[in-house]
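Step one of this worksheet: look at the structure below.
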Amino acid sequence: GAAAVLTAVVAIAKLAPRVAVTAYAALAENMPSGTAQRPSDVLTIYGGKTVEVLNTDAEGRLVMADALARASEDKPDLIVDVATLTGACVIALGTRVSGIMSNDDDLLSRLHETSERAGDAMWPLPLPGELREKLDSAVADIANVGERWGGALSAGVFLKEFVGEGIKWAHLDIAGPAFNEGAPYGYTPKGGTGAAVRTLVQIAQDAEDFLLRAVLLQPQNTQFLSQLQRSLQQRGAHAEAVEVGQRIVELFPNQLDQWLNLAWLYSTLDRSE
């Protein structure tokens with residue numbers, strides 16, 4: 001997962017879309033030693049929440065929790081995490097399909113569509129609320145594993161606990177397709193596949209493409225939208241901007257005033273310039 005994020009950020013930097021992207025590489029080496037974690041340990045995650053370790057093999061979600069808590073401090077419009085997190089996801093979806101989970105149903109649907117356009121096979125999965133009580137701990141805020149059934153969903157519910165309030169978030173479990181042990185197929189080689197890289201890059205490109213629409217469709221901006229539509233119609237060169245798709249309309253609720261100014265400036269420019 002961290003390798004996919006790093007690669008995606010390099011690609012995004014080279015493509016240079018006009019969006020701000022920050023990467024956090026959450027890494028864990030599952031090696032035994034005299035200071036390794038043990039069952040019953042209670043760890044304090046970045047930000048202060050405590051986790052009871054019931055399964056030491058579920059170490060990846062512990063460092064991912066750190067990264068999610070830290071990323072939330074920046075108050076981004078969107079967080080997408082990527083991890084080869086659970087064997088349960090491979091059992092559910094096989095070795096060629098990643099799972100998508102989110103705290104926002106619209107975002108879940110949009111990212112599924114985005115992954116299809118990008119060429120990554122992914123499938124939306126739920127985050128059932130009843131699984132949260134299975135993670136209850138008598139000695140910590142939360143346990144790092146719940147019951148056996150629905151393990152991929154339980155892991156997603158665990159990660160959700162460390163996402164900042166009001167921040168839209170999606171979790172991509174790429175445990176199945178991240179490494180291809182069979183023969184090459186399509187543009188997927190044998191070995192490491194780069195699963196989720198294309199989707200992450202597509203998200204950044206879509207964020208740029210639909211930036212104006214995200215602002216224009218805010219219901220409180222009806223007057224602004226009318227003014228901008230008239231301006232666009234008069235200029236002609238920007239008429240297509242009004243018709244930009246609605247995929248990412250809710251992805252950017254923050255920094256509205258700054259984006260209104262940007263959108264108005266955008267409307268006065270000729271794309272050919």
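Letters for chains follow the order of the structure tokens (A, B, ...), residue numbers begin at 1 for each chain, and ligand numbers begin at 1 in the order shown.
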(request) Quick one: everything within 12 Å of Ser115 in chain A, counting only C-alpha atoms, minus sequence neighbours fewer than 2 positions away in the same chain. Send it as a ChimeraX atom specification. (result) /A:97-100,107-113,117-124,172,195-203,206
(request) Identify, on the basis of only C-alpha atoms, every residue whose closest approach to range 161-169 of chain A does not exceed 8 Å; exclude the query and any residue fewer than 6 positions from it along the same chain; express the result as a ChimeraX atom specification. (result) /A:65-66,68-69,72-73,75-81,102-104,107,251
Restricting it to N, CA and C atoms, dump the selection as an mmCIF file, in the first residue's frame.
data_model
loop_
_atom_site.group_PDB
_atom_site.id
_atom_site.type_symbol
_atom_site.label_atom_id
_atom_site.label_comp_id
_atom_site.auth_asym_id
_atom_site.auth_seq_id
_atom_site.Cartn_x
_atom_site.Cartn_y
_atom_site.Cartn_z
ATOM 1 N N ALA A 65 -3.449 3.409 11.278
ATOM 2 C CA ALA A 65 -4.193 4.270 12.201
ATOM 3 C C ALA A 65 -3.384 5.521 12.530
ATOM 4 N N ASP A 66 -2.083 5.347 12.767
ATOM 5 C CA ASP A 66 -1.206 6.502 12.982
ATOM 6 C C ASP A 66 -1.282 7.475 11.810
ATOM 7 N N LEU A 68 -3.587 7.792 9.435
ATOM 8 C CA LEU A 68 -4.898 8.423 9.262
ATOM 9 C C LEU A 68 -5.105 9.554 10.268
ATOM 10 N N ALA A 69 -4.696 9.310 11.502
ATOM 11 C CA ALA A 69 -4.827 10.354 12.525
ATOM 12 C C ALA A 69 -3.970 11.564 12.171
ATOM 13 N N SER A 72 -5.396 13.466 9.168
ATOM 14 C CA SER A 72 -6.614 14.207 9.527
ATOM 15 C C SER A 72 -6.294 15.565 10.125
ATOM 16 N N GLU A 73 -5.120 15.696 10.739
ATOM 17 C CA GLU A 73 -4.737 16.988 11.318
ATOM 18 C C GLU A 73 -4.645 18.080 10.262
ATOM 19 N N LYS A 75 -6.673 18.440 7.863
ATOM 20 C CA LYS A 75 -8.051 18.736 7.450
ATOM 21 C C LYS A 75 -8.190 18.740 5.919
ATOM 22 N N PRO A 76 -7.828 17.658 5.276
ATOM 23 C CA PRO A 76 -7.947 17.589 3.820
ATOM 24 C C PRO A 76 -9.398 17.420 3.389
ATOM 25 N N ASP A 77 -9.665 17.657 2.118
ATOM 26 C CA ASP A 77 -11.002 17.417 1.586
ATOM 27 C C ASP A 77 -11.281 15.930 1.443
ATOM 28 N N LEU A 78 -10.243 15.140 1.276
ATOM 29 C CA LEU A 78 -10.410 13.710 1.062
ATOM 30 C C LEU A 78 -9.161 12.965 1.519
ATOM 31 N N ILE A 79 -9.355 11.816 2.167
ATOM 32 C CA ILE A 79 -8.260 10.895 2.480
ATOM 33 C C ILE A 79 -8.568 9.562 1.808
ATOM 34 N N VAL A 80 -7.599 9.020 1.096
ATOM 35 C CA VAL A 80 -7.708 7.676 0.531
ATOM 36 C C VAL A 80 -6.524 6.875 1.045
ATOM 37 N N ASP A 81 -6.799 5.777 1.751
ATOM 38 C CA ASP A 81 -5.704 4.922 2.198
ATOM 39 C C ASP A 81 -5.682 3.657 1.359
ATOM 40 N N SER A 102 -15.804 3.078 2.499
ATOM 41 C CA SER A 102 -15.810 4.531 2.700
ATOM 42 C C SER A 102 -16.799 4.903 3.796
ATOM 43 N N ASN A 103 -16.584 6.089 4.368
ATOM 44 C CA ASN A 103 -17.538 6.625 5.338
ATOM 45 C C ASN A 103 -18.600 7.485 4.666
ATOM 46 N N ASP A 104 -18.620 7.467 3.317
ATOM 47 C CA ASP A 104 -19.580 8.267 2.560
ATOM 48 C C ASP A 104 -20.054 7.438 1.363
ATOM 49 N N LEU A 107 -19.317 8.915 -2.143
ATOM 50 C CA LEU A 107 -17.905 8.780 -2.459
ATOM 51 C C LEU A 107 -17.584 7.339 -2.841
ATOM 52 N N LEU A 251 -16.740 16.312 -2.807
ATOM 53 C CA LEU A 251 -15.400 16.005 -2.315
ATOM 54 C C LEU A 251 -14.675 17.206 -1.722
#
(request) Select from range 97-231 of chain A everything DSSP, run on the backbone, classes as alpha helix (DSSP H), then give the selection as a ChimeraX atom specification. (result) /A:105-118,151-160,197-209,211-216,222-231
(message) So the first atom is CA of Gly34 in chain A and the second is CA of Leu62 in chain A; what is the distance between them in Å, to one decimal place?
(response)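 Atom-to-atom, CA of Gly34 in chain A and CA of Leu62 in chain A are spaced 19.0 Å apart.
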(message) My list of candidates is A:Ala2, A:Ala178, A:Leu153, A:Ala88. Which is closest to Glu130 in chain A when distances are computed with only C-alpha atoms?
(response) A:Leu153
(request) Kindly indicate which residue among A:Asp41, A:Gly87, A:Ala170, A:Ala13 lies nearest to Asp105 in chain A, using only C-alpha atoms for the distances. (result)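 Result for the nearest residue to Asp105 in chain A: A:Ala170.
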(message) Counting only C-alpha atoms, which residue out of A:Thr56, A:Asn30, A:Thr86, A:Asn180 sits closest to Thr193 in chain A?
(response) A:Asn180
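Between CA of Gly1 in chain A and CA of Glu29 in chain A lies a distance of 13.1 Å.
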(request) Tell me, in Å to one decimal, how far CA of Pro126 in chain A is from CA of Val157 in chain A. (result)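 That distance, rounded to one decimal, is 9.3 Å.
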(message) Would you pick out the contacts of Phe158 in chain A at 8 Å or less, using only C-alpha atoms, so that residues sharing its chain but fewer than 4 positions from it are not included, and give the list as a list of chain:residue names?
(response) A:Arg61, A:Arg132, A:Leu135, A:Ile142, A:Asn144, A:Val145, A:Ser154, A:Phe162
(request) Just the strand (DSSP E) stuff from range 7-121 of chain A, please, per backbone DSSP, written as a VMD selection string. (result) chain A and resid 42 to 44 50 to 52 78 to 83 98 to 102
(request) Rank A:Pro39, A:Gly94, A:Pro189, A:Gly176 by their smallest atom-to-atom distance to Glu59 in chain A, using only C-alpha atoms, and report the top residue only. (result)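 Nearest candidate to Glu59 in chain A out of A:Pro39, A:Gly94, A:Pro189, A:Gly176: A:Pro39.
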